[in-house]
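K.L.:
My file is data.json. It has JSON, C-alpha atoms:
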```
[["chain", "number", "residue", "atom", "x", "y", "z"],
["A", 1, "ILE", "CA", 0.00, 0.00, 0.00],
["A", 2, "LYS", "CA", 2.83, 2.42, 0.85],
["A", 3, "THR", "CA", 4.47, 1.63, -2.48],
["A", 4, "ALA", "CA", 1.25, 2.46, -4.33],
["A", 5, "GLU", "CA", 0.93, 5.73, -2.44],
["A", 6, "LYS", "CA", 4.51, 6.65, -3.33],
["A", 7, "ALA", "CA", 3.88, 5.76, -6.98],
["A", 8, "LYS", "CA", 0.87, 8.10, -7.02],
["A", 9, "GLN", "CA", 3.03, 10.93, -5.64],
["A", 10, "TYR", "CA", 5.22, 10.59, -8.73],
["A", 11, "GLY", "CA", 2.31, 10.31, -11.15],
["A", 12, "LEU", "CA", 2.92, 6.63, -11.86],
["A", 13, "LYS", "CA", 0.14, 4.16, -12.63],
["A", 14, "THR", "CA", -0.30, 1.22, -10.29],
["A", 15, "LEU", "CA", -1.29, -2.39, -10.93],
["A", 16, "VAL", "CA", -2.17, -4.88, -8.20],
["A", 17, "ILE", "CA", -2.13, -8.52, -9.31],
["A", 18, "GLY", "CA", -4.21, -11.28, -7.77],
["A", 19, "HIS", "CA", -3.67, -14.96, -8.45],
["A", 20, "THR", "CA", -7.24, -15.98, -7.63],
["A", 21, "ILE", "CA", -10.60, -14.41, -8.36],
["A", 22, "ASP", "CA", -11.14, -13.91, -4.63],
["A", 23, "GLN", "CA", -7.87, -11.99, -4.36],
["A", 24, "VAL", "CA", -8.79, -9.76, -7.29],
["A", 25, "LEU", "CA", -12.19, -9.04, -5.77],
["A", 26, "LYS", "CA", -10.52, -8.18, -2.47],
["A", 27, "PHE", "CA", -7.95, -5.93, -4.18],
["A", 28, "ASP", "CA", -10.73, -4.03, -5.96],
["A", 29, "SER", "CA", -11.16, -1.94, -2.80],
["A", 30, "LEU", "CA", -7.57, -0.65, -3.04],
["A", 31, "ASP", "CA", -6.59, 2.71, -4.51],
["A", 32, "CYS", "CA", -4.87, 1.47, -7.66],
["A", 33, "ASP", "CA", -5.24, 2.17, -11.36],
["A", 34, "PHE", "CA", -5.51, -1.40, -12.66],
["A", 35, "LEU", "CA", -6.14, -4.87, -11.34],
["A", 36, "GLY", "CA", -4.37, -7.91, -12.72],
["A", 37, "TYR", "CA", -5.51, -11.52, -12.72],
["A", 38, "GLU", "CA", -2.86, -14.15, -13.35],
["A", 39, "LYS", "CA", -3.23, -17.75, -12.19],
["A", 40, "GLU", "CA", 0.15, -18.83, -10.89],
["A", 41, "ASP", "CA", -0.07, -22.36, -12.29],
["A", 42, "LEU", "CA", -0.49, -20.96, -15.82],
["A", 43, "ILE", "CA", 2.48, -18.57, -15.74],
["A", 44, "ALA", "CA", 4.95, -19.59, -18.47],
["A", 45, "SER", "CA", 2.73, -22.52, -19.40],
["A", 46, "PRO", "CA", 1.56, -23.49, -22.88],
["A", 47, "VAL", "CA", -2.04, -23.01, -21.68],
["A", 48, "SER", "CA", -3.34, -19.49, -22.13],
["A", 49, "MET", "CA", -5.17, -17.89, -19.22],
["A", 50, "ILE", "CA", -7.85, -16.64, -21.59],
["A", 51, "ASP", "CA", -8.47, -20.13, -22.97],
["A", 52, "GLN", "CA", -8.85, -21.64, -19.51],
["A", 53, "GLN", "CA", -10.59, -18.77, -17.70],
["A", 54, "GLU", "CA", -12.57, -16.86, -20.36],
["A", 55, "THR", "CA", -15.98, -17.19, -18.70],
["A", 56, "ALA", "CA", -14.57, -16.37, -15.27],
["A", 57, "ILE", "CA", -12.79, -13.31, -16.70],
["A", 58, "ARG", "CA", -15.99, -12.05, -18.34],
["A", 59, "GLU", "CA", -17.81, -12.36, -15.01],
["A", 60, "LEU", "CA", -14.94, -10.80, -13.06],
["A", 61, "VAL", "CA", -14.89, -7.73, -15.32],
["A", 62, "LYS", "CA", -18.58, -7.16, -14.49],
["A", 63, "LYS", "CA", -17.91, -7.30, -10.73],
["A", 64, "ILE", "CA", -14.93, -4.96, -10.36],
["A", 65, "LYS", "CA", -14.61, -1.20, -10.69],
["A", 66, "HIS", "CA", -10.99, -1.17, -11.90],
["A", 67, "PRO", "CA", -9.86, -2.00, -15.45],
["A", 68, "LEU", "CA", -8.59, -5.59, -15.63],
["A", 69, "ILE", "CA", -5.31, -6.80, -17.12],
["A", 70, "ILE", "CA", -4.83, -10.55, -17.43],
["A", 71, "GLY", "CA", -1.76, -12.70, -17.80],
["A", 72, "ALA", "CA", -0.32, -16.21, -17.86],
["A", 73, "GLY", "CA", 0.29, -18.10, -21.06],
["A", 74, "ILE", "CA", -0.55, -15.16, -23.35],
["A", 75, "ASN", "CA", 1.49, -16.03, -26.41],
["A", 76, "ASP", "CA", -0.05, -14.62, -29.58],
["A", 77, "GLY", "CA", -2.36, -12.05, -31.10],
["A", 78, "GLU", "CA", -5.32, -14.40, -30.85],
["A", 79, "ASP", "CA", -4.88, -14.54, -27.07],
["A", 80, "THR", "CA", -4.81, -10.74, -26.84],
["A", 81, "LYS", "CA", -7.85, -10.47, -29.11],
["A", 82, "LYS", "CA", -9.82, -12.93, -26.95],
["A", 83, "SER", "CA", -8.69, -11.06, -23.83],
["A", 84, "LYS", "CA", -10.03, -7.79, -25.21],
["A", 85, "LEU", "CA", -13.32, -9.41, -26.19],
["A", 86, "ALA", "CA", -13.64, -10.81, -22.65],
["A", 87, "GLY", "CA", -13.33, -7.29, -21.24],
["A", 88, "ALA", "CA", -9.66, -7.03, -20.32],
["A", 89, "VAL", "CA", -7.93, -3.75, -21.12],
["A", 90, "GLY", "CA", -4.49, -5.31, -21.38],
["A", 91, "VAL", "CA", -2.35, -8.38, -20.95],
["A", 92, "LEU", "CA", 0.66, -9.17, -18.81],
["A", 93, "MET", "CA", 3.39, -10.70, -20.89],
["A", 94, "ALA", "CA", 6.76, -12.07, -20.06],
["A", 95, "THR", "CA", 7.93, -15.53, -21.08],
["A", 96, "TYR", "CA", 6.69, -15.62, -24.68],
["A", 97, "PHE", "CA", 7.86, -12.06, -25.22],
["A", 98, "VAL", "CA", 11.35, -12.21, -23.71],
["A", 99, "THR", "CA", 12.15, -15.63, -25.17],
["A", 100, "ALA", "CA", 10.95, -14.77, -28.68],
["A", 101, "PRO", "CA", 13.67, -14.85, -31.35],
["A", 102, "ASP", "CA", 12.41, -11.42, -32.45],
["A", 103, "PRO", "CA", 10.87, -9.64, -29.43],
["A", 104, "GLU", "CA", 9.82, -6.63, -31.51],
["A", 105, "ALA", "CA", 7.87, -8.84, -33.93],
["A", 106, "LYS", "CA", 6.30, -10.69, -30.98],
["A", 107, "LEU", "CA", 5.26, -7.39, -29.40],
["A", 108, "ARG", "CA", 3.68, -6.24, -32.66],
["A", 109, "GLU", "CA", 1.82, -9.55, -32.98],
["A", 110, "LEU", "CA", 0.49, -9.29, -29.42],
["A", 111, "ALA", "CA", -0.53, -5.64, -29.92],
["A", 112, "GLN", "CA", -2.46, -6.49, -33.08],
["A", 113, "GLY", "CA", -4.95, -8.47, -31.02],
["A", 114, "PHE", "CA", -5.98, -5.28, -29.23],
["A", 115, "LEU", "CA", -6.16, -3.25, -32.42],
["A", 116, "LYS", "CA", -8.55, -5.54, -34.30]]
```
I need this file expressed as structure tokens, please.
P.N.:
Amino acid sequence: IKTAEKAKQYGLKTLVIGHTIDQVLKFDSLDCDFLGYEKEDLIASPVSMIDQQETAIRELVKKIKHPLIIGAGINDGEDTKKSKLAGAVGVLMATYFVTAPDPEAKLRELAQGFLK
């Protein structure tokens, strides 16, 4: 909480990530700019969060006041497109981005899903 307050003092945006739906719902009462939902068992896995949790994400978006960013297993533009359609405003990305042979091309591919 103190870190988020300090970030606000410097005009930075804040993101609080929950690993369960219950955590995200609890964090919705915090003074942050975005909420993240990322199931720990799907991080760096070949299974995309949006493929496994799409219905839950759609319902979660309806219940929270903060914009939602999702992560875990997001590896292509189709995942980002589905995430947007489910109500997420962004995706957390790490493994598939940093291990890509061409990170710039991977970033462009992921961004295209939000532009379509």
K.L.:
Extract, using only C-alpha atoms, all DNA, RNA and protein residues at most 10 Å from A:Lys82, discarding same-chain residues fewer than 5 positions from it, and format them as a PDB file with C-alpha atoms, in the frame of the given file.
P.N.:
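Result went into result_25.pdb, see below:
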```pdb
ATOM      1  CA  ILE A  50      -7.850 -16.640 -21.590  1.00  0.00           C
ATOM      2  CA  ASP A  51      -8.470 -20.130 -22.970  1.00  0.00           C
ATOM      3  CA  GLU A  54     -12.570 -16.860 -20.360  1.00  0.00           C
ATOM      4  CA  GLY A  77      -2.360 -12.050 -31.100  1.00  0.00           C
ATOM      5  CA  GLY A  87     -13.330  -7.290 -21.240  1.00  0.00           C
ATOM      6  CA  ALA A  88      -9.660  -7.030 -20.320  1.00  0.00           C
ATOM      7  CA  GLY A 113      -4.950  -8.470 -31.020  1.00  0.00           C
ATOM      8  CA  PHE A 114      -5.980  -5.280 -29.230  1.00  0.00           C
TER       9      PHE A 114
END
```
K.L.:
Would you please work out which residue, of A:Val91, A:Lys13, A:Tyr96, A:Ala86, is nearest to A:Thr55 when using only C-alpha atoms?
P.N.:
A:Ala86
K.L.:
I'd like the interatomic distance between atom CA of A:Ile69 and atom CA of A:Glu40, to a tenth of an Å.
P.N.:
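Atom CA of A:Ile69 sits 14.6 Å away from atom CA of A:Glu40.
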K.L.:
Mind dumping a table of every stretch 31-78 of chain A residue within 10 Å of stretch 97-104 of chain A, with the nearest atom pair and its distance in Å to one decimal, using all atoms listed in the file, sorted by chain and rising number, as CSV?
P.N.:
```
residue,atom,partner,partner_atom,distance
A:Ile74,CA,A:Phe97,CA,9.2
A:Asn75,CA,A:Phe97,CA,7.6
A:Asp76,CA,A:Phe97,CA,9.4
```
K.L.:
Choose the residue, out of A:Leu110, A:Cys32, A:Ile21, A:Val16, that has the smallest atom-to-atom separation from A:Lys84; count only C-alpha atoms.
P.N.:
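Smallest separation from A:Lys84 among the options: A:Leu110.
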K.L.:
Compile the contact shell of A:Gly73 as JSON, numbers by chain: residues with an atom at most 6 Å away, counting all atoms listed in the file, same-chain residues fewer than 2 positions apart removed.
P.N.:
{"A": [43, 44, 45, 46, 47, 48, 49, 75]}
K.L.:
Could you tell me how far atom CA of A:Pro67 lies from atom CA of A:Leu107, in Å and to one decimal?
P.N.:
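So the two atoms, atom CA of A:Pro67 and atom CA of A:Leu107, lie 21.3 Å apart.
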K.L.:
If I take atom CA of A:Phe34 and atom CA of A:Leu60, how far is one from the other in Å, to one decimal?
P.N.:
13.3 Å
K.L.:
Could you list, as an MDAnalysis selection string, every residue within 7 Å of A:His66, counting only C-alpha atoms and ignoring same-chain residues fewer than 6 positions away?
P.N.:
chainID A and resid 28 33:35
K.L.:
Taking (-15.5, -8.6, -5.0) in the coordinates of the supplied file, I want to know which residues reach to within 7 Å of it, counting all atoms listed in the file; could you give the answer as a PyMOL selection string?
P.N.:
chain A and resi 22+25-26+28+63-64
K.L.:
Around all the atoms of stretch 36-49 of chain A listed in the file, draw an axis-aligned box and extend it by 8 Å on each of the six sides; I want its centre and edge lengths in Å to one decimal, as JSON.
P.N.:
```
{"center_x": -0.3, "center_y": -15.7, "center_z": -16.9, "size_x": 26.5, "size_y": 31.6, "size_z": 28.0}
```
